[in-house]
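Trainee: I'd like to ask you about the structure that follows.
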Amino acid sequence: MLEIRNLTKSFGEKKAVDNLSLEIKPGEIYGFIGHNGAGKTTTLKSIAGILQFDEGEIKIGGVSIREDPIACKRMLAYIPDNPDIYEFMTGIKYLNFIADIFGVGAKERQERIKKYADLFELTKDLAEPVSAYSHGMKQKLAVISAWLHEPKLIIMDEPFVGLDPKAAHILKEMMREFCDKGNAIFFSTHVLEVAQKLCDKVAIIKNGKLIRSGTMEEVRGDDSLEEVFLELEEE
C-alpha cells in the first residue's frame, strides 16, 4: 500500500529524514514514534505530497508520488497535527467542499457525513462556522473529512491530540474497521500506550534515522513500548 525507499529530506545543513525505508501493507495500522524533531512530520508531509524530498522514492498503491502526485492523492487522506480548516466555512460546507474535490456522489456523501457526524456528536454543529469550533471539534471535522472519500491509505499526524476520551475511542474503532477492509493507516503519536494496543507494526525514528521497526512483538520483546522507546532514546 505504501512503500518508502531511501527517503532523504534536508533543511539547509540538517537532514530531517535520513535514508528512511519502510513498507506499510494493506490491512496494517502502522505507528510512527519519535521525539519532537525526529523527522516524523517531515516524513508524513512527504508521503502526502506536501513536501518535496531530496532523494528516494515514495509509492502509494504502486504509484510514484513524484511521477503522478494527483493519482496518489486520490488514494490517500492526510490529517495534519494541527487541523488548519477554512474558518470562514461552516462545518457542512467544508465537508461538501472535500467531497466535491474527490468526486463523492450526493447520496454517498450524505450517508457518510450523517454516519460520522452522528458518531462524533457533531451533527448539530455542522451549520456553525468553523471559526466557532474548539480544537477538538476541528479535529473531529478533519477526521470525518478524511474518511469521506473512502481512501486506501490514511496518513495522520498525532490524531488523538485534542480529542476527548470518547472521541478517541471512536477513532480507534474506525481505524481498526478501516484497516480490516484491506486499507492501511500510517500515523505518528506520542501516546505510546495507544500505539502498543492499537498498532500491528511500529517504527521508531531518531534524528531522522530509522532505528527499529517491525511487529509490536518484534519491537517490544518482553518490555513495554515505553521502556523500549526510552532505552533507544538514551543510546
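Residues are named by chain letter and number: chains run A, B, ... in the order of the C-alpha cells, numbers start at 1 in each chain, and ligands are numbered from 1 in the order shown.
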Determine, counting only C-alpha atoms, which protein, DNA and RNA residues have an atom within 10 Å of an atom of A:Lys93; residues of the same chain fewer than 6 positions away are not included. Present the result as a PDB file with N, CA, C and O atoms, in the first residue's frame.
Mentor:
ATOM      1  N   TYR A  86     -10.552  25.780   6.750  1.00  0.00           N
ATOM      2  CA  TYR A  86     -11.065  27.104   6.357  1.00  0.00           C
ATOM      3  C   TYR A  86     -12.117  27.585   7.353  1.00  0.00           C
ATOM      4  O   TYR A  86     -13.230  27.074   7.397  1.00  0.00           O
ATOM      5  N   ALA A  99     -15.782  16.667  -0.320  1.00  0.00           N
ATOM      6  CA  ALA A  99     -16.472  15.668  -1.139  1.00  0.00           C
ATOM      7  C   ALA A  99     -16.462  16.056  -2.615  1.00  0.00           C
ATOM      8  O   ALA A  99     -16.305  15.195  -3.495  1.00  0.00           O
ATOM      9  N   LEU A 126     -22.695  21.310  12.608  1.00  0.00           N
ATOM     10  CA  LEU A 126     -22.237  21.436  11.220  1.00  0.00           C
ATOM     11  C   LEU A 126     -22.689  22.734  10.548  1.00  0.00           C
ATOM     12  O   LEU A 126     -22.057  23.196   9.604  1.00  0.00           O
ATOM     13  N   ALA A 127     -23.762  23.313  11.048  1.00  0.00           N
ATOM     14  CA  ALA A 127     -24.247  24.575  10.471  1.00  0.00           C
ATOM     15  C   ALA A 127     -23.476  25.783  10.989  1.00  0.00           C
ATOM     16  O   ALA A 127     -23.613  26.897  10.458  1.00  0.00           O
ATOM     17  N   GLU A 128     -22.640  25.576  12.011  1.00  0.00           N
ATOM     18  CA  GLU A 128     -21.870  26.667  12.609  1.00  0.00           C
ATOM     19  C   GLU A 128     -20.571  26.899  11.831  1.00  0.00           C
ATOM     20  O   GLU A 128     -20.008  25.968  11.242  1.00  0.00           O
ATOM     21  N   PRO A 129     -20.062  28.128  11.839  1.00  0.00           N
ATOM     22  CA  PRO A 129     -18.778  28.377  11.175  1.00  0.00           C
ATOM     23  C   PRO A 129     -17.644  27.676  11.917  1.00  0.00           C
ATOM     24  O   PRO A 129     -17.666  27.569  13.145  1.00  0.00           O
ATOM     25  N   VAL A 130     -16.656  27.224  11.168  1.00  0.00           N
ATOM     26  CA  VAL A 130     -15.515  26.520  11.764  1.00  0.00           C
ATOM     27  C   VAL A 130     -14.780  27.429  12.745  1.00  0.00           C
ATOM     28  O   VAL A 130     -14.176  26.953  13.715  1.00  0.00           O
TER      29      VAL A 130
END
Trainee: Among stretch 29-182 of chain A, which ones does DSSP assign to strand (DSSP E) (computed from the backbone)? Answer as a list of chain:residue names.
Mentor: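 Matching residues, listed in order: A:Ile29, A:Tyr30, A:Gly31, A:Phe32, A:Ile33, A:Glu55, A:Gly56, A:Glu57, A:Ile58, A:Lys59, A:Ile60, A:Val63, A:Ser64, A:Leu76, A:Ala77, A:Tyr78, A:Ile79, A:Leu153, A:Ile154, A:Ile155, A:Met156, A:Asp157.
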Trainee: Would you export the selected residues with N, CA, C and O atoms as a PDB file, in the first residue's frame, please?
Mentor:
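Output file part_27.pdb is given in full below:
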ATOM      1  N   ILE A  29      -2.270  -1.209  10.619  1.00  0.00           N
ATOM      2  CA  ILE A  29      -2.171   0.060  11.340  1.00  0.00           C
ATOM      3  C   ILE A  29      -0.716   0.166  11.774  1.00  0.00           C
ATOM      4  O   ILE A  29      -0.231  -0.656  12.556  1.00  0.00           O
ATOM      5  N   TYR A  30      -0.024   1.150  11.239  1.00  0.00           N
ATOM      6  CA  TYR A  30       1.424   1.264  11.445  1.00  0.00           C
ATOM      7  C   TYR A  30       1.712   2.549  12.222  1.00  0.00           C
ATOM      8  O   TYR A  30       1.419   3.646  11.767  1.00  0.00           O
ATOM      9  N   GLY A  31       2.292   2.398  13.406  1.00  0.00           N
ATOM     10  CA  GLY A  31       2.608   3.547  14.244  1.00  0.00           C
ATOM     11  C   GLY A  31       4.000   4.083  13.973  1.00  0.00           C
ATOM     12  O   GLY A  31       4.920   3.326  13.655  1.00  0.00           O
ATOM     13  N   PHE A  32       4.163   5.388  14.102  1.00  0.00           N
ATOM     14  CA  PHE A  32       5.424   6.073  13.817  1.00  0.00           C
ATOM     15  C   PHE A  32       5.785   6.895  15.046  1.00  0.00           C
ATOM     16  O   PHE A  32       5.064   7.836  15.404  1.00  0.00           O
ATOM     17  N   ILE A  33       6.888   6.549  15.695  1.00  0.00           N
ATOM     18  CA  ILE A  33       7.203   7.097  17.010  1.00  0.00           C
ATOM     19  C   ILE A  33       8.579   7.750  16.997  1.00  0.00           C
ATOM     20  O   ILE A  33       9.518   7.253  16.363  1.00  0.00           O
ATOM     21  N   GLU A  55      15.928  12.905  -1.977  1.00  0.00           N
ATOM     22  CA  GLU A  55      16.321  11.615  -2.546  1.00  0.00           C
ATOM     23  C   GLU A  55      15.311  10.559  -2.140  1.00  0.00           C
ATOM     24  O   GLU A  55      14.567  10.717  -1.166  1.00  0.00           O
ATOM     25  N   GLY A  56      15.321   9.443  -2.895  1.00  0.00           N
ATOM     26  CA  GLY A  56      14.472   8.314  -2.552  1.00  0.00           C
ATOM     27  C   GLY A  56      13.187   8.276  -3.363  1.00  0.00           C
ATOM     28  O   GLY A  56      12.999   9.031  -4.322  1.00  0.00           O
ATOM     29  N   GLU A  57      12.302   7.399  -2.940  1.00  0.00           N
ATOM     30  CA  GLU A  57      11.048   7.176  -3.659  1.00  0.00           C
ATOM     31  C   GLU A  57       9.934   6.856  -2.680  1.00  0.00           C
ATOM     32  O   GLU A  57      10.147   6.186  -1.664  1.00  0.00           O
ATOM     33  N   ILE A  58       8.745   7.362  -2.975  1.00  0.00           N
ATOM     34  CA  ILE A  58       7.534   7.037  -2.220  1.00  0.00           C
ATOM     35  C   ILE A  58       6.496   6.557  -3.214  1.00  0.00           C
ATOM     36  O   ILE A  58       6.195   7.253  -4.192  1.00  0.00           O
ATOM     37  N   LYS A  59       5.954   5.367  -2.966  1.00  0.00           N
ATOM     38  CA  LYS A  59       4.903   4.833  -3.832  1.00  0.00           C
ATOM     39  C   LYS A  59       3.669   4.510  -3.008  1.00  0.00           C
ATOM     40  O   LYS A  59       3.768   3.928  -1.926  1.00  0.00           O
ATOM     41  N   ILE A  60       2.512   4.887  -3.544  1.00  0.00           N
ATOM     42  CA  ILE A  60       1.228   4.580  -2.916  1.00  0.00           C
ATOM     43  C   ILE A  60       0.440   3.727  -3.897  1.00  0.00           C
ATOM     44  O   ILE A  60       0.192   4.157  -5.032  1.00  0.00           O
ATOM     45  N   VAL A  63       2.098   3.475  -7.189  1.00  0.00           N
ATOM     46  CA  VAL A  63       2.230   4.697  -7.994  1.00  0.00           C
ATOM     47  C   VAL A  63       3.202   5.659  -7.308  1.00  0.00           C
ATOM     48  O   VAL A  63       3.101   5.914  -6.108  1.00  0.00           O
ATOM     49  N   SER A  64       4.141   6.209  -8.049  1.00  0.00           N
ATOM     50  CA  SER A  64       5.134   7.132  -7.511  1.00  0.00           C
ATOM     51  C   SER A  64       4.524   8.497  -7.235  1.00  0.00           C
ATOM     52  O   SER A  64       3.871   9.082  -8.103  1.00  0.00           O
ATOM     53  N   LEU A  76      -5.295   8.683  -1.021  1.00  0.00           N
ATOM     54  CA  LEU A  76      -4.969   8.892   0.392  1.00  0.00           C
ATOM     55  C   LEU A  76      -5.755  10.039   1.010  1.00  0.00           C
ATOM     56  O   LEU A  76      -6.368  10.846   0.318  1.00  0.00           O
ATOM     57  N   ALA A  77      -5.709  10.083   2.320  1.00  0.00           N
ATOM     58  CA  ALA A  77      -6.206  11.223   3.092  1.00  0.00           C
ATOM     59  C   ALA A  77      -5.141  11.565   4.119  1.00  0.00           C
ATOM     60  O   ALA A  77      -4.446  10.673   4.619  1.00  0.00           O
ATOM     61  N   TYR A  78      -5.007  12.845   4.427  1.00  0.00           N
ATOM     62  CA  TYR A  78      -3.972  13.308   5.347  1.00  0.00           C
ATOM     63  C   TYR A  78      -4.600  14.186   6.424  1.00  0.00           C
ATOM     64  O   TYR A  78      -5.323  15.133   6.130  1.00  0.00           O
ATOM     65  N   ILE A  79      -4.322  13.839   7.667  1.00  0.00           N
ATOM     66  CA  ILE A  79      -4.775  14.661   8.795  1.00  0.00           C
ATOM     67  C   ILE A  79      -3.534  15.233   9.476  1.00  0.00           C
ATOM     68  O   ILE A  79      -2.746  14.485  10.064  1.00  0.00           O
ATOM     69  N   LEU A 153      -5.432   4.714   1.846  1.00  0.00           N
ATOM     70  CA  LEU A 153      -4.381   4.983   2.833  1.00  0.00           C
ATOM     71  C   LEU A 153      -4.708   6.271   3.568  1.00  0.00           C
ATOM     72  O   LEU A 153      -5.039   7.283   2.942  1.00  0.00           O
ATOM     73  N   ILE A 154      -4.623   6.241   4.897  1.00  0.00           N
ATOM     74  CA  ILE A 154      -4.803   7.458   5.693  1.00  0.00           C
ATOM     75  C   ILE A 154      -3.519   7.732   6.455  1.00  0.00           C
ATOM     76  O   ILE A 154      -2.974   6.859   7.132  1.00  0.00           O
ATOM     77  N   ILE A 155      -3.024   8.966   6.303  1.00  0.00           N
ATOM     78  CA  ILE A 155      -1.828   9.439   6.991  1.00  0.00           C
ATOM     79  C   ILE A 155      -2.288  10.406   8.077  1.00  0.00           C
ATOM     80  O   ILE A 155      -3.002  11.364   7.787  1.00  0.00           O
ATOM     81  N   MET A 156      -1.856  10.165   9.325  1.00  0.00           N
ATOM     82  CA  MET A 156      -2.304  11.028  10.422  1.00  0.00           C
ATOM     83  C   MET A 156      -1.119  11.420  11.302  1.00  0.00           C
ATOM     84  O   MET A 156      -0.297  10.585  11.651  1.00  0.00           O
ATOM     85  N   ASP A 157      -1.067  12.700  11.641  1.00  0.00           N
ATOM     86  CA  ASP A 157      -0.001  13.233  12.486  1.00  0.00           C
ATOM     87  C   ASP A 157      -0.605  13.581  13.848  1.00  0.00           C
ATOM     88  O   ASP A 157      -1.353  14.545  13.969  1.00  0.00           O
TER      89      ASP A 157
END
Trainee: Using DSSP on the backbone coordinates, identify the residues of stretch 133-201 of chain A assigned to alpha helix (DSSP H); present them as JSON, numbers by chain.
Mentor: {"A": [135, 136, 137, 138, 139, 140, 141, 142, 143, 144, 145, 146, 147, 165, 166, 167, 168, 169, 170, 171, 172, 173, 174, 175, 176, 177, 178, 179, 180, 192, 193, 194, 195, 196, 197, 198]}
Trainee: Rounded to one decimal in Å, what is the spacing between atom CA of A:Ser134 and atom CA of A:Gly162?
Mentor: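 Distance reported for this atom pair: 9.0 Å.
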Trainee: Set the distance at 6 Å and use only C-alpha atoms: which residues neighbour A:Val17 once local chain neighbours fewer than 2 positions away are removed? I'd like the list as a list in words.
Mentor: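 Listing them by chain and then by number gives Thr8, Lys9, Lys15, Gly39 and Gly208 of chain A.
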Trainee: Within 7 Å of stretch 217-231 of chain A, counting only C-alpha atoms, which residues show up once you throw out same-chain ones fewer than 5 positions away? Write them as a PyMOL selection string, please.
Mentor: chain A and resi 192+196+212
Trainee: Keeping C-alpha atoms, export the residues of the selection given above as a short mmCIF file (atom, residue, chain, number, x, y, z; two decimals), in the first residue's frame.
Mentor:
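Output below, filename part.cif:
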data_model
loop_
_atom_site.label_atom_id
_atom_site.label_comp_id
_atom_site.auth_asym_id
_atom_site.auth_seq_id
_atom_site.Cartn_x
_atom_site.Cartn_y
_atom_site.Cartn_z
CA LEU A 192 2.81 5.04 23.44
CA GLN A 196 1.04 -0.52 21.85
CA ARG A 212 13.82 0.00 14.88
#
Trainee: Let me make sure I understand: among A:Met75, A:Leu163, A:Ile205, A:Ile92, which one has the smallest atom-to-atom distance to A:Ala146 if we use only C-alpha atoms?
Mentor: A:Met75
Trainee: Between atom CA of A:Met137 and atom CA of A:Phe97, measure the distance and give it in Å to one decimal.
Mentor: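 Here the two named atoms are 17.7 Å from each other.
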Trainee: Near stretch 170-177 of chain A, within 8 Å and counting only C-alpha atoms, which residues show up once chain neighbours fewer than 6 positions away are dropped, as a PyMOL selection string?
Mentor: chain A and resi 29+119-120+185+198
Trainee: What is the distance between atom CA of A:Lys206 and atom CA of A:Thr189, in Å to one decimal?
Mentor: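 Spanning atom CA of A:Lys206 to atom CA of A:Thr189 is a straight-line distance of 14.0 Å.
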Trainee: Near A:Lys114, within 12 Å and counting only C-alpha atoms, which residues show up once chain neighbours fewer than 2 positions away are dropped, as an MDAnalysis selection string?
Mentor: chainID A and resid 92 95 107:112 116:124 126 144:145 148
Trainee: Output C-alpha atoms for every residue in the selection just made, as a PDB file, in the first residue's frame.
Mentor:
ATOM      1  CA  ILE A  92     -21.113  21.148   6.424  1.00  0.00           C
ATOM      2  CA  LEU A  95     -17.266  18.576   4.219  1.00  0.00           C
ATOM      3  CA  LYS A 107     -26.071  10.054  -1.930  1.00  0.00           C
ATOM      4  CA  GLU A 108     -22.758   8.665  -0.684  1.00  0.00           C
ATOM      5  CA  ARG A 109     -21.611  11.934   0.869  1.00  0.00           C
ATOM      6  CA  GLN A 110     -24.937  12.454   2.639  1.00  0.00           C
ATOM      7  CA  GLU A 111     -24.816   8.966   4.122  1.00  0.00           C
ATOM      8  CA  ARG A 112     -21.174   9.214   5.199  1.00  0.00           C
ATOM      9  CA  TYR A 116     -19.590  10.043  11.085  1.00  0.00           C
ATOM     10  CA  ALA A 117     -21.050  13.336  12.319  1.00  0.00           C
ATOM     11  CA  ASP A 118     -23.548  11.356  14.413  1.00  0.00           C
ATOM     12  CA  LEU A 119     -20.736   9.140  15.722  1.00  0.00           C
ATOM     13  CA  PHE A 120     -18.728  12.156  16.884  1.00  0.00           C
ATOM     14  CA  GLU A 121     -21.840  14.033  18.079  1.00  0.00           C
ATOM     15  CA  LEU A 122     -21.023  16.869  15.684  1.00  0.00           C
ATOM     16  CA  THR A 123     -24.223  16.890  13.604  1.00  0.00           C
ATOM     17  CA  LYS A 124     -25.846  19.819  15.400  1.00  0.00           C
ATOM     18  CA  LEU A 126     -22.237  21.436  11.220  1.00  0.00           C
ATOM     19  CA  ILE A 144     -14.687  12.954   9.117  1.00  0.00           C
ATOM     20  CA  SER A 145     -13.265  14.670   6.016  1.00  0.00           C
ATOM     21  CA  LEU A 148     -15.383  10.861   3.314  1.00  0.00           C
TER      22      LEU A 148
END
Trainee: My list of candidates is A:Ile113, A:Val104, A:Met1, A:Leu210. Which is closest to A:Ser21 when distances are computed with only C-alpha atoms?
Mentor: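 Checking each candidate against A:Ser21, we get A:Leu210 as the closest.
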